[in-house]
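**Student:** Next up, structure_39.cif (mmCIF, C-alpha atoms and all ligand atoms).
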data_my_file
loop_
_atom_site.label_atom_id
_atom_site.label_comp_id
_atom_site.auth_asym_id
_atom_site.auth_seq_id
_atom_site.Cartn_x
_atom_site.Cartn_y
_atom_site.Cartn_z
CA MET A 1 129.80 17.31 104.07
CA VAL A 2 130.69 17.44 100.38
CA SER A 3 129.70 13.84 99.94
CA GLU A 4 126.33 14.57 101.57
CA LYS A 5 125.70 17.39 99.15
CA ILE A 6 126.57 15.17 96.22
CA ASP A 7 124.11 12.62 97.48
CA ASP A 8 121.31 15.19 97.71
CA PHE A 9 122.05 16.40 94.27
CA THR A 10 121.83 12.97 92.71
CA LYS A 11 118.59 12.40 94.62
CA ILE A 12 117.16 15.62 93.25
CA GLN A 13 118.26 14.65 89.77
CA GLN A 14 116.71 11.25 90.23
CA LEU A 15 113.48 12.79 91.45
CA GLU A 16 113.38 15.22 88.57
CA LYS A 17 113.87 12.39 86.15
CA GLU A 18 111.01 10.49 87.74
CA LYS A 19 108.90 13.61 87.63
CA ARG A 20 109.57 13.99 83.92
CA ILE A 21 108.68 10.39 83.34
CA LEU A 22 105.50 10.79 85.33
CA ILE A 23 104.57 13.94 83.41
CA LYS A 24 105.13 12.08 80.15
CA LYS A 25 103.01 9.20 81.36
CA LEU A 26 100.31 11.59 82.43
CA GLU A 27 100.45 13.28 79.05
CA ARG A 28 100.19 9.94 77.31
CA SER A 29 97.28 8.78 79.44
CA GLU A 30 95.53 12.12 78.88
CA LYS A 31 95.98 11.61 75.16
CA ASN A 32 94.64 8.08 75.47
CA CYS A 33 91.69 9.35 77.43
CA LEU A 34 90.92 11.88 74.75
CA GLU A 35 91.14 9.25 72.06
CA LEU A 36 88.88 6.93 74.06
CA GLU A 37 86.40 9.72 74.52
CA GLN A 38 86.43 10.36 70.79
CA ILE A 39 85.91 6.67 70.08
CA ASN A 40 83.07 6.62 72.60
CA GLN A 41 81.48 9.62 70.98
CA ARG A 42 81.73 7.93 67.60
CA LYS A 43 80.25 4.72 69.06
CA GLU A 44 77.42 6.69 70.64
CA PHE A 45 76.75 8.37 67.32
CA PHE A 46 76.59 5.02 65.54
CA LEU A 47 74.41 3.54 68.26
CA ARG A 48 72.03 6.48 67.99
CA GLN A 49 71.92 5.97 64.23
CA ILE A 50 71.20 2.26 64.65
CA ILE A 51 68.43 2.99 67.20
CA HIS A 52 66.99 5.54 64.80
CA GLU A 53 67.05 3.06 61.94
CA LEU A 54 65.52 0.39 64.17
CA GLU A 55 62.75 2.78 65.17
CA ASP A 56 62.20 3.60 61.49
CA SER A 57 61.98 -0.05 60.48
CA GLN A 58 59.72 -0.77 63.45
CA ARG A 59 57.43 1.99 62.26
CA GLU A 60 57.54 0.57 58.75
CA VAL A 61 56.66 -2.93 60.04
CA LYS A 62 53.77 -1.45 62.02
CA GLU A 63 52.56 0.50 58.99
CA LYS A 64 52.88 -2.60 56.84
CA ARG A 65 50.85 -4.58 59.36
CA GLN A 66 48.22 -1.86 59.41
CA LEU A 67 48.14 -1.88 55.61
CA GLU A 68 47.77 -5.66 55.58
CA GLN A 69 44.92 -5.36 58.09
CA THR A 70 43.27 -2.69 55.95
CA LEU A 71 43.66 -4.89 52.89
CA ILE A 72 42.00 -7.82 54.68
CA GLU A 73 39.24 -5.46 55.87
CA LEU A 74 38.81 -4.18 52.31
CA LYS A 75 38.62 -7.69 50.89
CA ARG A 76 36.06 -8.61 53.55
CA THR A 77 33.94 -5.55 52.82
CA GLN A 78 34.18 -6.21 49.08
CA ALA A 79 33.08 -9.82 49.51
CA GLN A 80 30.29 -8.71 51.81
CA LEU A 81 29.14 -6.19 49.25
CA VAL A 82 29.19 -8.85 46.52
CA HIS A 83 27.27 -11.26 48.74
CA ALA A 84 24.81 -8.58 49.85
CA GLU A 85 24.34 -7.61 46.21
CA LYS A 86 23.79 -11.29 45.31
CA MET A 87 21.23 -11.71 48.07
CA SER A 88 19.54 -8.44 47.27
CA SER A 89 19.38 -9.41 43.57
CA LEU A 90 17.90 -12.73 44.64
CA GLY A 91 15.44 -10.84 46.83
CA GLN A 92 14.57 -8.48 43.97
CA LEU A 93 14.17 -11.35 41.54
CA VAL A 94 11.97 -13.26 43.97
CA ALA A 95 9.92 -10.15 44.72
CA GLY A 96 9.61 -9.43 40.97
CA VAL A 97 8.52 -12.96 40.11
CA ALA A 98 6.06 -12.96 43.02
CA HIS A 99 4.61 -9.68 41.85
CA GLU A 100 4.28 -10.84 38.23
CA ILE A 101 2.60 -14.11 39.20
CA ASN A 102 0.33 -12.47 41.73
CA ASN A 103 -1.92 -10.63 39.26
CA PRO A 104 -2.71 -13.44 36.79
CA VAL A 105 -3.17 -15.93 39.62
CA ASN A 106 -5.62 -13.66 41.41
CA PHE A 107 -7.37 -13.18 38.06
CA ILE A 108 -7.77 -16.94 37.59
CA HIS A 109 -8.61 -17.56 41.24
CA GLY A 110 -11.24 -14.79 41.26
CA ASN A 111 -12.90 -16.04 38.08
CA LEU A 112 -12.92 -19.67 39.20
CA THR A 113 -15.79 -18.94 41.60
CA HIS A 114 -17.88 -17.62 38.70
CA ILE A 115 -16.99 -20.61 36.48
CA GLN A 116 -17.96 -22.88 39.33
CA GLN A 117 -21.31 -21.11 39.68
CA TYR A 118 -22.00 -21.07 35.89
CA SER A 119 -21.06 -24.75 35.52
CA GLN A 120 -23.29 -25.63 38.42
CA ASN A 121 -26.15 -23.70 36.77
CA LEU A 122 -25.59 -25.36 33.40
CA LEU A 123 -25.45 -28.80 34.97
CA GLU A 124 -28.68 -28.14 36.82
CA LEU A 125 -30.26 -27.04 33.56
CA VAL A 126 -29.08 -30.24 31.84
CA GLN A 127 -30.49 -32.25 34.71
CA LEU A 128 -33.84 -30.44 34.35
CA TYR A 129 -33.87 -31.23 30.64
CA GLN A 130 -33.07 -34.87 31.40
CA GLN A 131 -35.89 -34.92 33.95
CA HIS A 132 -38.49 -33.44 31.64
CA TYR A 133 -37.28 -34.95 28.37
CA PRO A 134 -36.10 -38.44 29.36
CA HIS A 135 -36.19 -39.60 25.70
CA PRO A 136 -34.46 -36.95 23.61
CA VAL A 137 -34.03 -37.16 19.86
CA ALA A 138 -31.32 -39.46 18.48
CA GLU A 139 -28.85 -36.62 17.75
CA ILE A 140 -28.89 -35.44 21.38
CA GLN A 141 -28.59 -39.01 22.62
CA GLU A 142 -25.57 -39.54 20.36
CA LYS A 143 -23.94 -36.37 21.65
CA GLU A 144 -24.63 -37.46 25.26
CA ASN A 145 -22.83 -40.73 24.60
CA GLU A 146 -20.01 -39.04 22.73
CA ILE A 147 -19.21 -36.61 25.53
CA ASP A 148 -20.00 -39.17 28.27
CA LEU A 149 -22.42 -36.77 29.94
CA ASP A 150 -22.74 -38.72 33.20
CA PHE A 151 -18.98 -38.74 33.77
CA LEU A 152 -18.65 -35.12 32.63
CA GLN A 153 -21.21 -34.01 35.20
CA ILE A 154 -19.24 -35.56 38.04
CA ASP A 155 -15.78 -34.71 36.75
CA LEU A 156 -16.40 -31.07 35.83
CA LEU A 157 -17.02 -30.06 39.42
CA GLN A 158 -14.06 -32.15 40.66
CA ILE A 159 -11.77 -30.45 38.13
CA LEU A 160 -12.96 -27.05 39.23
CA LYS A 161 -12.34 -27.99 42.85
CA SER A 162 -8.75 -29.09 42.16
CA MET A 163 -8.17 -25.94 40.09
CA ASN A 164 -9.27 -23.99 43.13
CA ILE A 165 -6.82 -25.91 45.34
CA GLY A 166 -4.08 -25.32 42.73
CA THR A 167 -4.57 -21.56 42.54
CA ASP A 168 -4.81 -21.41 46.31
CA ARG A 169 -1.44 -23.13 46.50
CA ILE A 170 0.10 -20.73 43.98
CA ARG A 171 -1.20 -17.81 46.02
CA LYS A 172 0.42 -19.26 49.13
CA ILE A 173 3.70 -19.69 47.23
CA VAL A 174 3.52 -16.08 46.07
CA LEU A 175 2.91 -15.01 49.66
CA SER A 176 5.93 -17.03 50.80
CA LEU A 177 8.11 -15.57 48.07
CA ARG A 178 7.09 -12.07 49.12
CA ASN A 179 7.71 -13.02 52.70
CA PHE A 180 11.18 -14.27 51.83
CA SER A 181 12.25 -11.22 49.88
CA ARG A 182 10.74 -8.70 52.27
CA MET A 183 11.91 -6.03 49.88
CA ASP A 184 9.78 -3.41 51.53
CA GLU A 185 11.14 -4.07 55.00
CA SER A 186 14.65 -2.83 55.62
CA ASP A 187 13.74 -1.75 59.18
CA PHE A 188 13.47 -3.62 62.40
CA LYS A 189 10.02 -5.18 62.48
CA SER A 190 8.15 -7.65 64.62
CA VAL A 191 7.85 -10.83 62.56
CA ASP A 192 6.86 -14.45 62.84
CA ILE A 193 10.17 -16.35 62.69
CA HIS A 194 8.39 -19.55 61.57
CA GLU A 195 7.01 -17.77 58.51
CA GLY A 196 10.57 -16.78 57.55
CA ILE A 197 11.86 -20.36 57.96
CA ASP A 198 8.90 -21.79 56.01
CA SER A 199 9.31 -19.41 53.10
CA THR A 200 13.06 -20.14 52.98
CA LEU A 201 12.29 -23.88 52.92
CA LEU A 202 9.88 -23.26 50.09
CA ILE A 203 12.59 -21.51 48.06
CA LEU A 204 14.87 -24.51 48.70
CA GLN A 205 12.10 -27.05 48.00
CA HIS A 206 13.68 -28.13 44.71
CA ARG A 207 16.83 -29.17 46.59
CA LEU A 208 14.94 -31.09 49.26
CA LYS A 209 12.90 -33.22 46.89
CA ASP A 210 14.08 -36.50 45.43
CA ASN A 211 14.58 -35.17 41.94
CA ARG A 212 18.27 -35.25 41.23
CA GLY A 213 18.99 -38.88 41.84
CA CYS A 214 19.62 -38.04 45.50
CA SER A 215 17.22 -39.27 48.13
CA GLU A 216 14.64 -36.92 49.54
CA ILE A 217 15.64 -34.80 52.52
CA LYS A 218 13.05 -34.92 55.27
CA VAL A 219 12.46 -31.68 57.15
CA ILE A 220 11.29 -32.05 60.74
CA ARG A 221 9.83 -28.91 62.24
CA ASN A 222 9.81 -28.82 66.03
CA TYR A 223 8.32 -25.37 66.29
CA GLY A 224 7.82 -24.02 69.78
CA ASN A 225 5.54 -21.24 70.87
CA LEU A 226 7.38 -18.11 69.80
CA PRO A 227 6.28 -14.50 70.16
CA LEU A 228 6.79 -12.05 67.28
CA VAL A 229 10.49 -11.18 67.17
CA GLU A 230 11.86 -7.72 66.37
CA CYS A 231 14.43 -8.17 63.62
CA TYR A 232 15.60 -7.36 60.11
CA ALA A 233 13.39 -10.06 58.59
CA GLY A 234 15.04 -10.12 55.15
CA GLN A 235 18.50 -10.49 56.67
CA LEU A 236 17.38 -13.18 59.08
CA ASN A 237 15.93 -15.09 56.12
CA GLN A 238 19.38 -14.86 54.48
CA VAL A 239 20.85 -16.54 57.57
CA PHE A 240 18.26 -19.36 57.40
CA MET A 241 18.99 -19.67 53.69
CA ASN A 242 22.78 -19.95 54.24
CA ILE A 243 22.50 -22.48 57.08
CA LEU A 244 19.88 -24.61 55.29
CA ALA A 245 21.81 -24.53 51.99
CA ASN A 246 24.95 -25.69 53.83
CA ALA A 247 22.96 -28.48 55.53
CA ILE A 248 21.65 -29.67 52.13
CA ASP A 249 25.18 -29.48 50.66
CA ALA A 250 26.54 -31.57 53.57
CA ILE A 251 23.77 -34.20 53.17
CA ASP A 252 24.25 -34.32 49.38
CA GLU A 253 27.97 -34.83 49.88
CA VAL A 254 27.35 -37.84 52.15
CA ASN A 255 24.67 -39.22 49.83
CA ALA A 256 26.96 -38.98 46.82
CA LYS A 257 29.32 -41.46 48.52
CA THR A 258 26.70 -43.98 49.69
CA THR A 259 24.63 -46.66 48.00
CA GLN A 260 20.85 -46.51 47.64
CA GLN A 261 20.52 -49.21 50.33
CA GLU A 262 22.67 -47.22 52.78
CA ARG A 263 20.64 -44.10 52.01
CA LYS A 264 17.43 -45.96 52.80
CA GLU A 265 18.82 -47.07 56.16
CA ASN A 266 20.17 -43.65 57.16
CA LEU A 267 17.46 -41.18 56.33
CA SER A 268 18.61 -37.74 55.24
CA GLN A 269 17.01 -35.17 57.45
CA ILE A 270 17.11 -31.61 58.68
CA THR A 271 15.56 -30.83 62.06
CA ILE A 272 14.51 -27.28 62.82
CA SER A 273 13.68 -26.60 66.47
CA THR A 274 12.56 -23.28 67.88
CA SER A 275 12.05 -22.36 71.50
CA MET A 276 12.19 -19.58 74.04
CA ILE A 277 15.27 -19.56 76.26
CA ASP A 278 13.66 -17.09 78.65
CA LEU A 279 11.23 -14.19 78.33
CA ASP A 280 13.70 -12.09 76.33
CA TRP A 281 15.46 -14.55 74.04
CA VAL A 282 14.48 -17.04 71.35
CA GLU A 283 16.52 -19.93 69.98
CA ILE A 284 16.44 -21.48 66.52
CA ALA A 285 18.43 -24.71 66.08
CA ILE A 286 19.03 -26.27 62.66
CA ALA A 287 20.56 -29.75 62.71
CA ASP A 288 21.42 -31.91 59.72
CA SER A 289 22.36 -35.53 59.12
CA GLY A 290 25.34 -34.64 56.93
CA GLY A 291 28.97 -35.58 57.46
CA GLY A 292 29.54 -33.09 60.30
CA ILE A 293 32.40 -30.64 60.74
CA PRO A 294 35.85 -31.81 61.91
CA GLU A 295 37.19 -30.07 65.06
CA SER A 296 40.06 -28.46 63.12
CA ILE A 297 37.64 -26.82 60.68
CA LYS A 298 34.98 -25.81 63.20
CA LYS A 299 36.85 -22.73 64.36
CA LEU A 300 37.39 -21.55 60.79
CA ILE A 301 33.89 -21.72 59.33
CA PHE A 302 32.92 -18.19 60.36
CA ASN A 303 36.05 -16.75 58.70
CA PRO A 304 35.43 -14.86 55.48
CA PHE A 305 36.39 -16.88 52.39
CA PHE A 306 36.76 -20.15 54.29
CA THR A 307 35.30 -22.95 52.20
CA THR A 308 35.90 -26.67 51.75
CA LYS A 309 33.76 -26.76 48.62
CA PRO A 310 35.19 -27.05 45.13
CA VAL A 311 36.22 -23.88 43.30
CA GLY A 312 33.19 -22.18 41.82
CA LYS A 313 30.75 -23.86 44.24
CA GLY A 314 31.35 -22.05 47.50
CA THR A 315 32.56 -18.54 48.14
CA GLY A 316 33.08 -19.17 51.84
CA MET A 317 31.07 -16.07 52.73
CA GLY A 318 27.74 -17.60 53.81
CA MET A 319 28.68 -18.27 57.42
CA ALA A 320 30.80 -15.13 57.81
CA ILE A 321 27.87 -12.96 56.76
CA SER A 322 25.38 -14.95 58.82
CA TYR A 323 27.61 -14.50 61.87
CA GLN A 324 27.75 -10.77 61.27
CA ILE A 325 23.97 -10.50 60.78
CA ILE A 326 23.24 -12.39 64.00
CA THR A 327 25.89 -10.88 66.27
CA GLU A 328 26.32 -7.34 65.00
CA LYS A 329 22.91 -6.57 63.52
CA HIS A 330 20.77 -8.41 66.05
CA GLY A 331 22.99 -8.57 69.13
CA GLY A 332 22.57 -12.34 69.15
CA GLU A 333 24.74 -15.45 69.09
CA LEU A 334 25.48 -17.98 66.35
CA MET A 335 27.02 -21.25 67.49
CA CYS A 336 28.04 -24.42 65.75
CA PHE A 337 28.06 -27.87 67.31
CA SER A 338 29.33 -30.91 65.49
CA ALA A 339 31.15 -34.14 65.83
CA PRO A 340 32.23 -35.96 62.67
CA GLY A 341 29.69 -38.55 61.67
CA THR A 342 26.86 -37.05 63.71
CA GLY A 343 26.04 -34.11 61.45
CA ALA A 344 26.17 -30.44 62.33
CA GLU A 345 23.90 -28.21 64.34
CA PHE A 346 23.75 -24.43 64.10
CA VAL A 347 22.10 -22.57 66.96
CA ILE A 348 20.89 -18.99 66.61
CA ARG A 349 19.94 -16.99 69.69
CA ILE A 350 18.40 -13.55 69.32
CA PRO A 351 16.64 -11.16 71.63
CA VAL A 352 12.89 -10.86 71.21
CA GLN A 353 13.03 -7.09 71.45
CA LYS A 354 15.56 -4.58 70.26
CA LYS A 355 15.60 -2.78 73.60
CA VAL A 356 17.21 -5.74 75.36
CA TYR A 357 20.53 -4.68 73.88
CA ASN A 358 21.69 -1.29 72.65
CA LEU A 359 22.52 -1.34 68.99
CA VAL A 360 23.44 1.90 67.29
N1 LIG A 401 26.07 -28.07 57.96
C1 LIG A 401 27.36 -28.21 57.63
N2 LIG A 401 27.94 -29.43 57.57
C2 LIG A 401 29.24 -29.58 57.25
N3 LIG A 401 30.07 -28.55 56.97
C3 LIG A 401 29.57 -27.30 57.02
C4 LIG A 401 28.19 -27.06 57.35
N4 LIG A 401 27.98 -25.73 57.33
C5 LIG A 401 29.17 -25.16 57.00
N5 LIG A 401 30.11 -26.09 56.80
C6 LIG A 401 31.53 -25.86 56.46
O1 LIG A 401 31.80 -24.49 56.60
C7 LIG A 401 32.34 -23.97 55.38
C8 LIG A 401 31.95 -22.53 55.25
O2 LIG A 401 30.57 -22.39 55.02
P1 LIG A 401 30.05 -21.11 54.25
O3 LIG A 401 28.58 -21.20 54.13
O4 LIG A 401 30.63 -19.89 54.90
O5 LIG A 401 30.75 -21.22 52.84
P2 LIG A 401 30.40 -22.21 51.64
O6 LIG A 401 29.11 -22.91 51.89
O7 LIG A 401 31.60 -23.04 51.41
O8 LIG A 401 30.23 -21.17 50.45
P3 LIG A 401 29.03 -20.08 50.26
O9 LIG A 401 29.66 -18.74 50.51
O10 LIG A 401 28.64 -20.24 48.86
O11 LIG A 401 27.97 -20.38 51.25
C9 LIG A 401 31.82 -24.88 54.30
O12 LIG A 401 32.64 -24.90 53.15
C10 LIG A 401 31.82 -26.24 55.01
O13 LIG A 401 33.11 -26.81 55.02
MG MG A 402 27.35 -21.86 52.44
#
In structure tokens, write the structure found in this file.

**Tutor:**
Amino acid sequence: MVSEKIDDFTKIQQLEKEKRILIKKLERSEKNCLELEQINQRKEFFLRQIIHELEDSQREVKEKRQLEQTLIELKRTQAQLVHAEKMSSLGQLVAGVAHEINNPVNFIHGNLTHIQQYSQNLLELVQLYQQHYPHPVAEIQEKENEIDLDFLQIDLLQILKSMNIGTDRIRKIVLSLRNFSRMDESDFKSVDIHEGIDSTLLILQHRLKDNRGCSEIKVIRNYGNLPLVECYAGQLNQVFMNILANAIDAIDEVNAKTTQQERKENLSQITISTSMIDLDWVEIAIADSGGGIPESIKKLIFNPFFTTKPVGKGTGMGMAISYQIITEKHGGELMCFSAPGTGAEFVIRIPVQKKVYNLV
């Protein structure tokens, strides 16, 4: 009995000892848990901070990108303004010159008819004298010989005729210059596209002629039957000017590298074709016999500032502005086709009437 009691007692003691140990363990693990929780809280805090910083830097990157975009936009607008200013100064200059020439030319042209009439009268009078006084005094005969009266009578009227043709030509040039500048027309107007192309060609005439050691550039006009087209005529002329100037540059570049013999065999030419695609759209295609545009460059030519020309020669804005004028201002399309060695072709498509598309 006693031994049984002793046994129970030791068991209880043993159990109590185990209990104490367990309590201690529990206490330790609770402490560990607390520490872990604190560590976790600290980690969470740091993570939140990192996320915050990441969000901040992301925002900064986005803002920086927006700023870069704005800067590009600003540069583009600035270049467009410069180009527009250049073209408008050119337009103003052309309009000014045309205006100044117009008056004196009309003055000469108007008076030529009178001179023609007076000369005719005087010649008739001389002829009458010759008829009635076939043997004039020696002094008159001498004068007749001196001035070669017979030749003078024929030549005077010829000269007057060519002067008439000359002043007529100047008047046409003045008309073309006025047509090109179209200073008075900033609105949408119905115009004859061919007139615009012709006056642009006239402005570029000095670059087409064989006068700088380069061979002449032949212009082939395949004009179709076009109706009047509603457009900003002055701006459309700028597009023709940019495309034609580029075509001449490309031909000049090829010609500079070839011999006279090679130039004779491969004629330099620009072909301008116009046609109607359907009742609502017209197409103007300008093809040149220059060196063409490599595939890698073709997709870049409408980018602002893209140029392959030497510094100071090209600004790289001509095509960018032309693209904007055709697509944004006229709701049209400007396309470029080219394979190296076969020249380049630029195709403009614009609606005949503004109402076909809705521009603001
Ligand atoms: N007909 C063409 N033949 C070959 N390359 C061309 C032709 N038209 C345009 N290009 C290429 O496209 C580039 C961009 O033309 P764009 O008219 O925009 O600029 P640019 O002629 O260099 O300078 P500018 O602003 O003075 O016109 C040219 O530098 C040239 O490389
Ligand atoms: Mg150009």

**Student:** Once you count all atoms listed in the file, which residues end up within 7 Å of ligand LIG 401 (chain A), and could you hand them over as a ChimeraX atom specification?

**Tutor:** /A:242-243,246-247,250,288,290-293,301-302,304-309,313-320,343-345

**Student:** Go ahead and write the selection's residues with C-alpha atoms as a PDB file, in the coordinates of the input.

**Tutor:**
ATOM      1  CA  ASN A 242      22.780 -19.950  54.240  1.00  0.00           C
ATOM      2  CA  ILE A 243      22.500 -22.480  57.080  1.00  0.00           C
ATOM      3  CA  ASN A 246      24.950 -25.690  53.830  1.00  0.00           C
ATOM      4  CA  ALA A 247      22.960 -28.480  55.530  1.00  0.00           C
ATOM      5  CA  ALA A 250      26.540 -31.570  53.570  1.00  0.00           C
ATOM      6  CA  ASP A 288      21.420 -31.910  59.720  1.00  0.00           C
ATOM      7  CA  GLY A 290      25.340 -34.640  56.930  1.00  0.00           C
ATOM      8  CA  GLY A 291      28.970 -35.580  57.460  1.00  0.00           C
ATOM      9  CA  GLY A 292      29.540 -33.090  60.300  1.00  0.00           C
ATOM     10  CA  ILE A 293      32.400 -30.640  60.740  1.00  0.00           C
ATOM     11  CA  ILE A 301      33.890 -21.720  59.330  1.00  0.00           C
ATOM     12  CA  PHE A 302      32.920 -18.190  60.360  1.00  0.00           C
ATOM     13  CA  PRO A 304      35.430 -14.860  55.480  1.00  0.00           C
ATOM     14  CA  PHE A 305      36.390 -16.880  52.390  1.00  0.00           C
ATOM     15  CA  PHE A 306      36.760 -20.150  54.290  1.00  0.00           C
ATOM     16  CA  THR A 307      35.300 -22.950  52.200  1.00  0.00           C
ATOM     17  CA  THR A 308      35.900 -26.670  51.750  1.00  0.00           C
ATOM     18  CA  LYS A 309      33.760 -26.760  48.620  1.00  0.00           C
ATOM     19  CA  LYS A 313      30.750 -23.860  44.240  1.00  0.00           C
ATOM     20  CA  GLY A 314      31.350 -22.050  47.500  1.00  0.00           C
ATOM     21  CA  THR A 315      32.560 -18.540  48.140  1.00  0.00           C
ATOM     22  CA  GLY A 316      33.080 -19.170  51.840  1.00  0.00           C
ATOM     23  CA  MET A 317      31.070 -16.070  52.730  1.00  0.00           C
ATOM     24  CA  GLY A 318      27.740 -17.600  53.810  1.00  0.00           C
ATOM     25  CA  MET A 319      28.680 -18.270  57.420  1.00  0.00           C
ATOM     26  CA  ALA A 320      30.800 -15.130  57.810  1.00  0.00           C
ATOM     27  CA  GLY A 343      26.040 -34.110  61.450  1.00  0.00           C
ATOM     28  CA  ALA A 344      26.170 -30.440  62.330  1.00  0.00           C
ATOM     29  CA  GLU A 345      23.900 -28.210  64.340  1.00  0.00           C
TER      30      GLU A 345
END

**Student:** Please determine, counting only C-alpha atoms, which residue among A:Glu295, A:Glu16, A:Asp210, A:Glu216 has the shortest atom-to-atom distance to Phe337 (chain A).

**Tutor:**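 For Phe337 (chain A), the nearest of the given residues is A:Glu295.
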
**Student:** Could you list, as JSON, numbers by chain, every residue within 7 Å of region 105-121 of chain A, counting only C-alpha atoms and ignoring same-chain residues fewer than 6 positions away?

**Tutor:** {"A": [160, 164, 167, 171]}

**Student:** For the atom pair CA of Glu139 (chain A) and CA of Glu124 (chain A), what is the interatomic distance in Å to one decimal place?

**Tutor:** 20.9 Å

**Student:** Within 12 Å of Leu123 (chain A), counting all atoms listed in the file, which residues qualify if same-chain residues fewer than 3 places away don't, as a list of chain:residue names?

**Tutor:**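 The residues that qualify are A:Ile115, A:Gln116, A:Gln117, A:Tyr118, A:Ser119, A:Gln120, A:Val126, A:Gln127, A:Leu128, A:Tyr129, A:Gln130, A:Leu149, A:Asp150, A:Phe151, A:Leu152, A:Gln153, A:Ile154, A:Asp155, A:Leu156, A:Leu157.
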
**Student:** Export C-alpha atoms of the chosen residues as a PDB file, in the frame of the given file?

**Tutor:**
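Result file out-v6.pdb:
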ATOM      1  CA  ILE A 115     -16.990 -20.610  36.480  1.00  0.00           C
ATOM      2  CA  GLN A 116     -17.960 -22.880  39.330  1.00  0.00           C
ATOM      3  CA  GLN A 117     -21.310 -21.110  39.680  1.00  0.00           C
ATOM      4  CA  TYR A 118     -22.000 -21.070  35.890  1.00  0.00           C
ATOM      5  CA  SER A 119     -21.060 -24.750  35.520  1.00  0.00           C
ATOM      6  CA  GLN A 120     -23.290 -25.630  38.420  1.00  0.00           C
ATOM      7  CA  VAL A 126     -29.080 -30.240  31.840  1.00  0.00           C
ATOM      8  CA  GLN A 127     -30.490 -32.250  34.710  1.00  0.00           C
ATOM      9  CA  LEU A 128     -33.840 -30.440  34.350  1.00  0.00           C
ATOM     10  CA  TYR A 129     -33.870 -31.230  30.640  1.00  0.00           C
ATOM     11  CA  GLN A 130     -33.070 -34.870  31.400  1.00  0.00           C
ATOM     12  CA  LEU A 149     -22.420 -36.770  29.940  1.00  0.00           C
ATOM     13  CA  ASP A 150     -22.740 -38.720  33.200  1.00  0.00           C
ATOM     14  CA  PHE A 151     -18.980 -38.740  33.770  1.00  0.00           C
ATOM     15  CA  LEU A 152     -18.650 -35.120  32.630  1.00  0.00           C
ATOM     16  CA  GLN A 153     -21.210 -34.010  35.200  1.00  0.00           C
ATOM     17  CA  ILE A 154     -19.240 -35.560  38.040  1.00  0.00           C
ATOM     18  CA  ASP A 155     -15.780 -34.710  36.750  1.00  0.00           C
ATOM     19  CA  LEU A 156     -16.400 -31.070  35.830  1.00  0.00           C
ATOM     20  CA  LEU A 157     -17.020 -30.060  39.420  1.00  0.00           C
TER      21      LEU A 157
END

**Student:** Determine, counting only C-alpha atoms, which protein, DNA and RNA residues have an atom within 12 Å of an atom of Lys172 (chain A); residues of the same chain fewer than 5 positions away are not included. Present the result as number ranges by chain.

**Tutor:** A: 98, 101-102, 105-106, 165-167, 177-179, 195, 198-199, 202

**Student:** May I ask for the distance between CA of Arg65 (chain A) and CA of Glu53 (chain A), given in Å to one decimal place?

**Tutor:**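 Straight-line distance from CA of Arg65 (chain A) to CA of Glu53 (chain A) works out to 18.1 Å.
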
**Student:** Find the residues around Ile272 (chain A) up to 12 Å (only C-alpha atoms counted), leave out those fewer than 5 positions away in its own chain, and share them as a CSV table (one decimal) with C-alpha atoms, in the coordinates of the input.

**Tutor:**
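Generated file (part31.csv):
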chain,number,residue,atom,x,y,z
A,193,ILE,CA,10.2,-16.4,62.7
A,194,HIS,CA,8.4,-19.6,61.6
A,197,ILE,CA,11.9,-20.4,58.0
A,198,ASP,CA,8.9,-21.8,56.0
A,201,LEU,CA,12.3,-23.9,52.9
A,218,LYS,CA,13.0,-34.9,55.3
A,219,VAL,CA,12.5,-31.7,57.2
A,220,ILE,CA,11.3,-32.0,60.7
A,221,ARG,CA,9.8,-28.9,62.2
A,222,ASN,CA,9.8,-28.8,66.0
A,223,TYR,CA,8.3,-25.4,66.3
A,224,GLY,CA,7.8,-24.0,69.8
A,240,PHE,CA,18.3,-19.4,57.4
A,243,ILE,CA,22.5,-22.5,57.1
A,244,LEU,CA,19.9,-24.6,55.3
A,247,ALA,CA,23.0,-28.5,55.5
A,283,GLU,CA,16.5,-19.9,70.0
A,284,ILE,CA,16.4,-21.5,66.5
A,285,ALA,CA,18.4,-24.7,66.1
A,286,ILE,CA,19.0,-26.3,62.7
A,287,ALA,CA,20.6,-29.8,62.7
A,288,ASP,CA,21.4,-31.9,59.7
A,289,SER,CA,22.4,-35.5,59.1
A,345,GLU,CA,23.9,-28.2,64.3
A,346,PHE,CA,23.8,-24.4,64.1
A,347,VAL,CA,22.1,-22.6,67.0
A,348,ILE,CA,20.9,-19.0,66.6

**Student:** Within 9 Å of Gln235 (chain A), counting all atoms listed in the file, which residues show up once you throw out same-chain ones fewer than 5 positions away? Write them as a PDB file with C-alpha atoms, in the coordinates of the input, please.

**Tutor:**
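For reference, around_0.pdb as written:
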ATOM      1  CA  SER A 186      14.650  -2.830  55.620  1.00  0.00           C
ATOM      2  CA  PHE A 240      18.260 -19.360  57.400  1.00  0.00           C
ATOM      3  CA  SER A 322      25.380 -14.950  58.820  1.00  0.00           C
ATOM      4  CA  ILE A 325      23.970 -10.500  60.780  1.00  0.00           C
ATOM      5  CA  ILE A 326      23.240 -12.390  64.000  1.00  0.00           C
TER       6      ILE A 326
END
